[in-house]
$ cat start-v6.txt   # compact mmCIF, C-alpha atoms
# COMPACT_ATOMS: atom_id res chain seq x y z
CA MET A 265 -45.85 -29.87 29.86
CA SER A 266 -48.09 -32.93 30.17
CA ASN A 267 -47.43 -36.16 28.30
CA ARG A 268 -51.05 -37.18 28.69
CA LYS A 269 -52.60 -38.63 25.53
CA SER A 270 -56.06 -37.51 24.60
CA ILE A 271 -58.91 -39.87 25.35
CA PRO A 272 -59.73 -41.87 22.21
CA VAL A 273 -62.80 -40.63 20.32
CA GLU A 274 -64.45 -44.06 20.44
CA VAL A 275 -64.04 -44.23 24.23
CA SER A 276 -65.57 -40.75 24.56
CA ARG A 277 -68.52 -41.78 22.41
CA GLN A 278 -69.09 -44.90 24.52
CA LEU A 279 -68.93 -42.89 27.73
CA PHE A 280 -71.50 -40.35 26.59
CA GLU A 281 -73.79 -43.11 25.33
CA GLU A 282 -73.42 -45.00 28.61
CA SER A 283 -74.49 -41.97 30.64
CA GLY A 284 -77.23 -40.91 28.23
CA TYR A 285 -75.36 -37.64 27.62
CA ARG A 286 -76.03 -36.72 31.24
CA CYS A 287 -74.05 -36.68 34.47
CA ALA A 288 -73.72 -40.25 35.74
CA VAL A 289 -74.64 -39.26 39.31
CA PRO A 290 -78.31 -40.32 39.60
CA GLY A 291 -79.39 -37.40 41.77
CA CYS A 292 -77.83 -34.90 39.38
CA ARG A 293 -78.25 -36.02 35.74
CA GLU A 294 -77.17 -32.57 34.49
CA THR A 295 -76.86 -32.28 30.71
CA ALA A 296 -74.60 -29.21 30.46
CA ALA A 297 -70.86 -28.83 31.07
CA LEU A 298 -70.11 -32.56 31.00
CA ASP A 299 -66.60 -33.84 31.68
CA ARG A 300 -64.90 -37.16 31.10
CA ALA A 301 -63.67 -37.85 34.62
CA TYR A 302 -61.07 -40.39 35.64
CA ILE A 303 -62.23 -42.79 38.33
CA VAL A 304 -58.65 -43.53 39.34
CA PRO A 305 -56.67 -40.36 38.60
CA HIS A 306 -54.69 -40.41 35.37
CA ALA A 307 -51.55 -39.40 37.26
CA GLU A 308 -51.74 -42.67 39.22
CA THR A 309 -52.51 -45.06 36.37
CA GLU A 310 -52.27 -43.32 32.98
CA ASP A 311 -55.37 -45.41 32.22
CA ASP A 312 -57.54 -43.85 29.50
CA SER A 313 -59.79 -46.90 29.21
CA PHE A 314 -63.58 -46.88 29.17
CA GLU A 315 -63.58 -48.73 32.50
CA ASN A 316 -61.61 -45.95 34.22
CA LEU A 317 -63.71 -43.06 32.94
CA ILE A 318 -67.17 -41.75 33.73
CA ILE A 319 -69.20 -38.75 32.58
CA LEU A 320 -69.74 -36.16 35.32
CA CYS A 321 -71.03 -32.62 35.16
CA ALA A 322 -68.52 -29.93 36.12
CA VAL A 323 -70.01 -29.59 39.62
CA CYS A 324 -69.95 -33.33 40.40
CA HIS A 325 -66.47 -33.59 38.88
CA ARG A 326 -65.21 -30.87 41.24
CA ARG A 327 -66.98 -32.58 44.16
CA TYR A 328 -65.29 -35.87 43.23
CA ASP A 329 -61.88 -34.22 42.91
CA ARG A 330 -62.38 -32.65 46.37
CA LYS A 331 -63.35 -36.11 47.70
CA GLU A 332 -66.90 -34.98 48.55
CA ILE A 333 -68.03 -37.95 46.46
CA ALA A 334 -66.20 -41.14 47.41
CA ARG A 335 -64.39 -43.22 44.81
CA SER A 336 -66.46 -46.22 45.91
CA ALA A 337 -69.61 -44.26 45.05
CA ILE A 338 -68.26 -43.36 41.61
CA LEU A 339 -67.31 -47.00 41.00
CA ASN A 340 -70.84 -48.05 41.97
CA TYR A 341 -72.38 -45.37 39.73
CA LYS A 342 -70.28 -46.72 36.86
CA GLN A 343 -71.27 -50.33 37.56
CA ASN A 344 -74.91 -49.37 38.07
CA LEU A 345 -74.97 -47.56 34.72
CA ALA A 346 -74.07 -50.83 33.03
CA VAL A 347 -76.76 -52.72 34.94
CA MET A 348 -79.50 -50.12 34.44
CA ASN A 349 -78.66 -49.52 30.78
CA GLY A 350 -78.51 -53.23 30.11
CA ARG A 351 -81.92 -53.89 31.60
CA TYR A 352 -84.04 -50.73 31.32
CA ASN A 353 -84.65 -48.35 28.45
CA ASP A 354 -84.21 -44.60 28.72
CA PHE A 355 -87.91 -44.01 29.40
CA GLU A 356 -87.89 -46.53 32.26
CA ARG A 357 -84.79 -44.99 33.83
CA ARG A 358 -86.26 -41.50 33.57
CA LEU A 359 -89.52 -42.75 35.07
CA LEU A 360 -87.57 -44.08 38.07
CA GLU A 361 -85.85 -40.70 38.38
CA ARG A 362 -89.26 -39.02 38.33
CA PHE A 363 -90.37 -41.15 41.28
CA VAL A 364 -87.34 -39.93 43.22
CA ARG A 365 -88.21 -36.29 42.49
CA SER A 366 -91.92 -36.63 43.27
CA GLY A 367 -91.76 -39.14 46.11
CA LEU A 368 -91.25 -42.87 46.07
CA SER A 369 -94.82 -43.52 47.17
CA SER A 370 -96.37 -41.39 44.43
CA SER A 371 -97.98 -42.75 41.29
CA VAL A 372 -97.77 -41.71 37.67
CA GLU A 373 -100.76 -41.60 35.35
CA LEU A 374 -99.90 -42.58 31.78
CA ASP A 375 -102.06 -43.20 28.75
CA HIS A 376 -103.33 -46.75 28.43
CA SER A 377 -101.72 -47.89 25.21
CA ALA A 378 -99.62 -50.65 23.78
CA THR A 379 -96.82 -48.12 23.34
CA VAL A 380 -96.71 -47.22 27.04
CA GLU A 381 -96.97 -50.88 28.03
CA LEU A 382 -94.00 -51.61 25.79
CA MET A 383 -92.03 -48.67 27.20
CA VAL A 384 -92.36 -49.86 30.82
CA ARG A 385 -92.46 -53.61 30.22
CA ASN A 386 -89.17 -54.45 31.95
CA LEU A 387 -89.99 -52.52 35.11
CA VAL A 388 -93.39 -54.22 35.28
CA ARG A 389 -92.00 -57.67 34.41
CA ASP A 390 -89.27 -57.33 37.06
CA GLY A 391 -91.86 -56.39 39.68
CA MET A 392 -90.52 -52.85 40.11
CA LEU A 393 -93.79 -51.17 39.04
CA SER A 394 -97.39 -52.02 39.76
CA VAL A 395 -100.14 -51.07 37.34
CA THR A 396 -103.75 -50.25 38.13
CA GLU A 397 -106.36 -49.23 35.63
CA GLY A 398 -107.27 -45.60 35.59
CA ARG A 399 -110.24 -44.05 33.89
CA THR A 400 -111.26 -44.65 30.32
CA ASP A 401 -111.24 -41.76 27.89
CA MET A 402 -115.04 -41.62 28.05
CA GLU A 403 -114.93 -41.32 31.85
CA ARG A 404 -112.30 -38.60 31.58
CA LEU A 405 -114.46 -36.72 29.07
CA ALA A 406 -117.51 -37.04 31.27
CA ASN A 407 -115.88 -35.58 34.37
CA GLY A 408 -113.95 -32.88 32.52
CA THR A 409 -110.41 -34.16 33.10
CA MET A 410 -109.83 -34.70 29.40
CA ALA A 411 -110.19 -31.82 27.00
CA MET A 412 -111.64 -32.53 23.60
CA VAL A 413 -113.69 -30.38 21.28
CA LEU A 414 -116.89 -32.24 20.52
CA PRO A 415 -120.09 -31.01 18.90
CA PHE A 416 -122.00 -32.49 21.85
CA THR A 417 -121.69 -32.92 25.62
CA VAL A 418 -120.69 -36.22 27.21
CA THR A 419 -122.12 -37.09 30.61
CA SER A 420 -121.63 -40.12 32.84
CA SER A 421 -124.99 -41.50 31.69
CA ASP A 422 -123.55 -41.65 28.16
CA LEU A 423 -120.81 -44.06 29.22
CA PRO A 424 -121.16 -47.57 27.89
CA ARG A 425 -122.13 -50.26 30.36
CA ILE A 426 -119.42 -52.86 29.93
CA ASP A 427 -118.98 -55.79 32.24
CA ASN A 428 -115.54 -56.96 33.34
CA THR A 429 -115.43 -60.13 31.28
CA GLY A 430 -112.00 -59.41 29.90
CA ALA A 431 -113.06 -57.13 27.09
CA GLU A 432 -110.11 -55.04 25.96
CA ARG A 433 -110.03 -51.45 27.15
CA ILE A 434 -109.56 -48.82 24.53
CA GLY A 435 -108.03 -45.53 25.58
CA GLY A 436 -107.88 -44.12 29.06
CA THR A 437 -105.08 -44.13 31.58
CA ASP A 438 -103.25 -46.46 33.90
CA HIS A 439 -101.60 -45.64 37.21
CA TYR A 440 -98.04 -46.84 37.77
CA ALA A 441 -96.47 -46.97 41.21
CA LEU A 442 -93.22 -48.33 42.57
CA THR A 443 -93.48 -51.63 44.37
CA GLU A 444 -91.39 -52.29 47.47
CA ALA A 445 -88.78 -53.93 45.21
CA GLY A 446 -88.84 -50.83 43.00
CA ARG A 447 -88.35 -48.52 45.97
CA GLN A 448 -85.39 -50.63 47.12
CA LEU A 449 -83.86 -50.56 43.62
CA VAL A 450 -84.16 -46.78 43.40
CA ALA A 451 -82.78 -46.31 46.92
CA ARG A 452 -79.74 -48.44 46.09
CA TRP A 453 -79.21 -46.80 42.68
CA PHE A 454 -79.40 -43.26 44.04
CA GLY A 455 -77.54 -44.23 47.20
CA ALA A 456 -74.49 -45.39 45.20
CA GLU A 457 -74.93 -48.97 46.36
CA PRO A 458 -74.39 -51.90 43.98
CA ILE A 459 -77.57 -53.08 42.26
CA LEU A 460 -76.15 -55.97 40.27
CA GLY A 461 -78.34 -58.62 41.90
CA GLU A 462 -81.44 -56.41 42.15
CA VAL A 463 -82.70 -56.53 38.56
CA GLY A 464 -83.66 -59.07 35.95

$ encode --input "start-v6.txt" --output "structure tokens"
Amino acid sequence: MSNRKSIPVEVSRQLFEESGYRCAVPGCRETAALDRAYIVPHAETEDDSFENLIILCAVCHRRYDRKEIARSAILNYKQNLAVMNGRYNDFERRLLERFVRSGLSSSVELDHSATVELMVRNLVRDGMLSVTEGRTDMERLANGTMAMVLPFTVTSSDLPRIDNTGAERIGGTDHYALTEAGRQLVARWFGAEPILGEVG
């Protein structure tokens, strides 16, 4: 019979919040069958502290227990969670994960809006993302890449002639791409290397 105490509820809550209710391994990020895993085995330390626990999916937990994932990698994942969560919001972290899935040299087209600018502000400010203007909504309507039911047809000759004197754009899209610094950050994060000095 084990004398192990249960992990305190508050510690469990902090762990799940830290990982975003997903596996802490960046290449996995599974949301089902999540375990509270000991970084240093409980049998060695009897340490139920937040610092000695990490959220892993059942598969990654088994891989860690079989030493297919090194303890140093798990320690870096834990440290990197604190850095990434402290600097970037959930949308920004998921955007970085999307770049990994679709290729680090790809770009993402997002609506041009104050909301999107706010959602990616830290990545842009830190030089991790570059932004280039995409097409305006009128241009997208004219070439058929934006669907909208209108009682008339819009053609390119209908587009307003606006000079580039700094007039504010309304609507449209922007293209976001990882900079070299962004690619290095993602490579270190997903490669289980420390990123403490990389951000901010």

$ closest_residue --input "start-v6.txt" --among "A:Arg385, A:Arg365, A:Arg327, A:Arg300" --to "A:Arg286" --atoms "all atoms listed in the file"
A:Arg300

$ closest_residue --input "start-v6.txt" --among "A:Thr309, A:Gln448, A:Asn316, A:Ser377" --to "A:Met392" --atoms "only C-alpha atoms"
A:Gln448

$ closest_residue --input "start-v6.txt" --among "A:Val275, A:Ala456, A:Ala301, A:Leu442" --to "A:Ala334" --atoms "only C-alpha atoms"
A:Ala456

$ residues_around --input "start-v6.txt" --residues "stretch 335-345 of chain A" --least-positions-apart "5" --cutoff "12 Å" --atoms "only C-alpha atoms" --output "MDAnalysis selection string"
chainID A and resid 279:284 286:293 301:305 314:320 324:325 327:330 350:354 357 449:450 452:463

$ residues_near_point --input "start-v6.txt" --point "(-90.6, -43.4, 32.4)" --cutoff "10 Å" --atoms "only C-alpha atoms" --output "list of chain:residue names"
A:Tyr352, A:Asn353, A:Asp354, A:Phe355, A:Glu356, A:Arg357, A:Arg358, A:Leu359, A:Leu360, A:Glu361, A:Arg362, A:Phe363, A:Val372, A:Leu374, A:Val380, A:Met383, A:Val384, A:Leu387, A:Tyr440

$ write_last_selection --input "start-v6.txt" --atoms "C-alpha atoms" --output "CSV table (one decimal), in the coordinates of the input"
chain,number,residue,atom,x,y,z
A,352,TYR,CA,-84.0,-50.7,31.3
A,353,ASN,CA,-84.6,-48.4,28.4
A,354,ASP,CA,-84.2,-44.6,28.7
A,355,PHE,CA,-87.9,-44.0,29.4
A,356,GLU,CA,-87.9,-46.5,32.3
A,357,ARG,CA,-84.8,-45.0,33.8
A,358,ARG,CA,-86.3,-41.5,33.6
A,359,LEU,CA,-89.5,-42.8,35.1
A,360,LEU,CA,-87.6,-44.1,38.1
A,361,GLU,CA,-85.8,-40.7,38.4
A,362,ARG,CA,-89.3,-39.0,38.3
A,363,PHE,CA,-90.4,-41.2,41.3
A,372,VAL,CA,-97.8,-41.7,37.7
A,374,LEU,CA,-99.9,-42.6,31.8
A,380,VAL,CA,-96.7,-47.2,27.0
A,383,MET,CA,-92.0,-48.7,27.2
A,384,VAL,CA,-92.4,-49.9,30.8
A,387,LEU,CA,-90.0,-52.5,35.1
A,440,TYR,CA,-98.0,-46.8,37.8

$ atom_distance --input "start-v6.txt" --atom1 "atom CA of A:Leu368" --atom2 "atom CA of A:Asn386"
18.4 Å

$ closest_residue --input "start-v6.txt" --among "A:Asn349, A:Ser313, A:Thr437, A:Thr295" --to "A:Val395" --atoms "only C-alpha atoms"
A:Thr437

$ atom_distance --input "start-v6.txt" --atom1 "atom CA of A:Glu332" --atom2 "atom CA of A:Ala451"
19.6 Å

$ atom_distance --input "start-v6.txt" --atom1 "atom CA of A:Gly367" --atom2 "atom CA of A:Thr396"
18.2 Å

$ closest_residue --input "start-v6.txt" --among "A:Ser270, A:Ile333, A:Met348, A:His439" --to "A:Glu381" --atoms "only C-alpha atoms"
A:His439

$ decode --input "start-v6.txt" --residues "stretch 310-338 of chain A" --atoms "N, CA and C atoms" --output "short mmCIF file (atom, residue, chain, number, x, y, z; two decimals), in the first residue's frame"
data_model
loop_
_atom_site.label_atom_id
_atom_site.label_comp_id
_atom_site.auth_asym_id
_atom_site.auth_seq_id
_atom_site.Cartn_x
_atom_site.Cartn_y
_atom_site.Cartn_z
N GLU A 310 9.50 12.34 -3.03
CA GLU A 310 8.21 12.60 -2.38
C GLU A 310 7.80 14.06 -2.51
N ASP A 311 8.20 14.67 -3.62
CA ASP A 311 7.96 16.10 -3.87
C ASP A 311 6.72 16.26 -4.74
N ASP A 312 5.64 16.77 -4.14
CA ASP A 312 4.38 17.01 -4.86
C ASP A 312 4.24 18.49 -5.22
N SER A 313 5.33 19.20 -5.31
CA SER A 313 5.25 20.64 -5.57
C SER A 313 4.99 20.94 -7.04
N PHE A 314 4.50 22.12 -7.29
CA PHE A 314 4.25 22.61 -8.65
C PHE A 314 5.52 22.49 -9.50
N GLU A 315 6.66 22.82 -8.91
CA GLU A 315 7.92 22.83 -9.64
C GLU A 315 8.36 21.43 -10.09
N ASN A 316 7.88 20.39 -9.42
CA ASN A 316 8.29 19.03 -9.75
C ASN A 316 7.23 18.29 -10.57
N LEU A 317 6.23 18.98 -11.03
CA LEU A 317 5.16 18.34 -11.80
C LEU A 317 4.96 19.06 -13.12
N ILE A 318 4.48 18.31 -14.09
CA ILE A 318 4.21 18.85 -15.42
C ILE A 318 3.05 18.05 -16.01
N ILE A 319 2.26 18.68 -16.85
CA ILE A 319 1.14 17.99 -17.50
C ILE A 319 1.65 17.34 -18.79
N LEU A 320 1.44 16.03 -18.88
CA LEU A 320 1.78 15.27 -20.08
C LEU A 320 0.58 14.43 -20.49
N CYS A 321 0.44 14.20 -21.77
CA CYS A 321 -0.59 13.26 -22.21
C CYS A 321 -0.12 11.85 -21.83
N ALA A 322 -1.01 10.90 -21.89
CA ALA A 322 -0.67 9.53 -21.49
C ALA A 322 0.49 8.97 -22.32
N VAL A 323 0.51 9.28 -23.61
CA VAL A 323 1.58 8.77 -24.49
C VAL A 323 2.93 9.37 -24.11
N CYS A 324 2.98 10.69 -23.96
CA CYS A 324 4.25 11.34 -23.60
C CYS A 324 4.69 10.94 -22.19
N HIS A 325 3.72 10.74 -21.30
CA HIS A 325 4.06 10.29 -19.95
C HIS A 325 4.73 8.91 -20.00
N ARG A 326 4.16 8.00 -20.78
CA ARG A 326 4.78 6.68 -20.93
C ARG A 326 6.17 6.80 -21.55
N ARG A 327 6.29 7.66 -22.56
CA ARG A 327 7.60 7.86 -23.21
C ARG A 327 8.61 8.40 -22.20
N TYR A 328 8.17 9.31 -21.34
CA TYR A 328 9.07 9.87 -20.32
C TYR A 328 9.46 8.78 -19.31
N ASP A 329 8.49 8.01 -18.87
CA ASP A 329 8.78 6.94 -17.92
C ASP A 329 9.74 5.90 -18.50
N ARG A 330 9.66 5.68 -19.82
CA ARG A 330 10.57 4.72 -20.49
C ARG A 330 11.89 5.37 -20.90
N LYS A 331 12.05 6.64 -20.52
CA LYS A 331 13.27 7.42 -20.79
C LYS A 331 13.47 7.69 -22.29
N GLU A 332 12.38 7.67 -23.06
CA GLU A 332 12.44 8.07 -24.46
C GLU A 332 12.47 9.60 -24.57
N ILE A 333 11.99 10.27 -23.54
CA ILE A 333 12.10 11.72 -23.42
C ILE A 333 13.00 11.96 -22.21
N ALA A 334 14.08 12.67 -22.42
CA ALA A 334 15.06 12.89 -21.35
C ALA A 334 14.50 13.82 -20.27
N ARG A 335 14.97 13.63 -19.06
CA ARG A 335 14.57 14.51 -17.95
C ARG A 335 14.97 15.95 -18.25
N SER A 336 16.13 16.14 -18.87
CA SER A 336 16.56 17.50 -19.20
C SER A 336 15.58 18.17 -20.16
N ALA A 337 15.02 17.39 -21.08
CA ALA A 337 14.02 17.93 -22.01
C ALA A 337 12.76 18.33 -21.25
N ILE A 338 12.31 17.48 -20.34
CA ILE A 338 11.11 17.79 -19.55
C ILE A 338 11.34 19.03 -18.69
#
